[in-house]
Amino acid sequence: MTNEIRDGEIIQYLAGSDIDSGSPVVIGNRVGIAIADIASGSSGAVKMEGCYSVPKVSAQAWAAGDEIFWDASASKFTTVGTANTFAGHAMDIAANPTSTGNLRLSPGYKKSTVISAVATADGSDAATTQALANALKANHNALIAALKVAGLMANS
């Protein structure tokens, strides 16, 4: 292929503050892991794919395949998606309590979410619209699961 510039597994990131090797780096709506120390104002390599042992919320139990998010305020990975950045999926079980878990960084797939309150501009009943949105979400997730079982979609 003549137009490929790189495989995308490693990208260069301009650090706004010092970043330690092995630390999570949020780039847009994705999380990568710094390959080496990156000084503030310098560019450094961040790996956007792969499997890592990462710090987790100790009181959580992870099951293989759980969606995992980066909680920047706690500097830990978590199963709580609210206000956190999607990072990937748990590779295997991480018990409660343990301070680390095994994470597979995601190339970007995340289950769709539906806003909890639906406002309608056409005057339809918001509860009915919300019920339809919830049904659509359930059907979407069932379709994704069926594609994975059939081997037509990767589990990551």
# chains A, B, ... in the order shown; residues from 1 in each chain; ligands from 1
>>> residues_around(residues="region 19-26 of chain A", least_positions_apart="2", cutoff="10 Å", atoms="only C-alpha atoms", output="PyMOL selection string")
chain A and resi 13+15-17+28-40+44-48+52-55+70+72+75-77+85-87
>>> write_last_selection(atoms="C-alpha atoms", output="PDB file, in the first residue's frame")
ATOM      1  CA  TYR A  13       2.071  13.457  21.496  1.00  0.00           C
ATOM      2  CA  ALA A  15       2.985  17.015  26.305  1.00  0.00           C
ATOM      3  CA  GLY A  16       1.490  19.961  28.170  1.00  0.00           C
ATOM      4  CA  SER A  17       3.091  18.688  31.384  1.00  0.00           C
ATOM      5  CA  GLY A  28      -9.075  13.276  22.125  1.00  0.00           C
ATOM      6  CA  ASN A  29     -11.545  10.611  23.247  1.00  0.00           C
ATOM      7  CA  ARG A  30      -8.938   7.828  23.437  1.00  0.00           C
ATOM      8  CA  VAL A  31      -6.416   6.689  26.003  1.00  0.00           C
ATOM      9  CA  GLY A  32      -2.863   5.613  25.235  1.00  0.00           C
ATOM     10  CA  ILE A  33       0.164   4.696  27.329  1.00  0.00           C
ATOM     11  CA  ALA A  34       3.407   6.712  27.253  1.00  0.00           C
ATOM     12  CA  ILE A  35       6.280   4.527  26.040  1.00  0.00           C
ATOM     13  CA  ALA A  36       8.953   6.657  27.752  1.00  0.00           C
ATOM     14  CA  ASP A  37       9.088   9.810  29.869  1.00  0.00           C
ATOM     15  CA  ILE A  38       7.880  12.896  27.972  1.00  0.00           C
ATOM     16  CA  ALA A  39       8.986  16.310  29.226  1.00  0.00           C
ATOM     17  CA  SER A  40       6.538  19.194  29.195  1.00  0.00           C
ATOM     18  CA  GLY A  44       6.990  11.666  22.789  1.00  0.00           C
ATOM     19  CA  ALA A  45       5.692   8.268  21.743  1.00  0.00           C
ATOM     20  CA  VAL A  46       2.326   7.061  23.033  1.00  0.00           C
ATOM     21  CA  LYS A  47       1.147   3.519  22.315  1.00  0.00           C
ATOM     22  CA  MET A  48      -2.551   3.458  21.392  1.00  0.00           C
ATOM     23  CA  TYR A  52      -1.107  -3.380  30.028  1.00  0.00           C
ATOM     24  CA  SER A  53      -1.174  -3.897  33.772  1.00  0.00           C
ATOM     25  CA  VAL A  54      -2.707  -0.663  35.062  1.00  0.00           C
ATOM     26  CA  PRO A  55      -3.702   0.927  38.383  1.00  0.00           C
ATOM     27  CA  TRP A  70      -9.654   6.347  32.765  1.00  0.00           C
ATOM     28  CA  ALA A  72      -8.110  11.385  35.539  1.00  0.00           C
ATOM     29  CA  SER A  75      -5.486   8.659  38.443  1.00  0.00           C
ATOM     30  CA  LYS A  76      -6.919   5.134  38.226  1.00  0.00           C
ATOM     31  CA  PHE A  77      -8.807   2.981  35.762  1.00  0.00           C
ATOM     32  CA  THR A  85     -12.640   8.534  29.199  1.00  0.00           C
ATOM     33  CA  PHE A  86     -13.220   5.122  27.622  1.00  0.00           C
ATOM     34  CA  ALA A  87      -9.911   3.206  27.538  1.00  0.00           C
TER      35      ALA A  87
END
>>> select_by_dssp(residues="region 1-152 of chain A", states="strand (DSSP E or B)", output="VMD selection string")
chain A and resid 10 to 14 19 24 to 27 30 to 34 38 43 to 47 51 to 56 62 67 to 71 76 to 78 85 to 90 94 100 to 105
>>> select_by_dssp(residues="chain A", states="helix (DSSP H, G or I)", output="list in words")
Ala126, Ala127, Thr128, Thr129, Gln130, Ala131, Leu132, Ala133, Asn134, Ala135, Leu136, Lys137, Ala138, Asn139, His140, Asn141, Ala142, Leu143, Ile144, Ala145, Ala146, Leu147, Lys148 and Val149 of chain A
>>> residues_around(residues="Gly88 (chain A)", least_positions_apart="4", cutoff="8 Å", atoms="only C-alpha atoms", output="VMD selection string")
chain A and resid 67 to 69 103 to 108 156
>>> write_last_selection(atoms="N, CA and C atoms", output="tab-separated table (two decimals), in the first residue's frame")
chain	number	residue	atom	x	y	z
A	67	GLU	N	-16.03	-3.01	30.16
A	67	GLU	CA	-15.55	-1.73	29.65
A	67	GLU	C	-14.80	-1.02	30.77
A	68	ILE	N	-13.64	-0.47	30.44
A	68	ILE	CA	-12.79	0.19	31.43
A	68	ILE	C	-12.55	1.63	30.98
A	69	PHE	N	-12.56	2.54	31.95
A	69	PHE	CA	-12.44	3.96	31.70
A	69	PHE	C	-11.29	4.54	32.52
A	103	LEU	N	-5.53	-4.49	31.22
A	103	LEU	CA	-6.36	-3.72	30.29
A	103	LEU	C	-5.87	-3.91	28.87
A	104	ARG	N	-6.80	-4.08	27.96
A	104	ARG	CA	-6.49	-4.05	26.52
A	104	ARG	C	-7.02	-2.73	26.00
A	105	LEU	N	-6.11	-1.87	25.54
A	105	LEU	CA	-6.54	-0.59	24.99
A	105	LEU	C	-7.42	-0.82	23.78
A	106	SER	N	-8.43	0.00	23.64
A	106	SER	CA	-9.37	-0.15	22.54
A	106	SER	C	-8.98	0.73	21.37
A	107	PRO	N	-9.18	0.24	20.15
A	107	PRO	CA	-8.93	1.09	18.99
A	107	PRO	C	-10.04	2.11	18.78
A	108	GLY	N	-10.99	2.20	19.70
A	108	GLY	CA	-11.99	3.25	19.59
A	108	GLY	C	-13.43	2.82	19.74
A	156	SER	N	-13.11	-6.69	20.87
A	156	SER	CA	-12.48	-5.54	21.51
A	156	SER	C	-13.19	-4.26	21.19
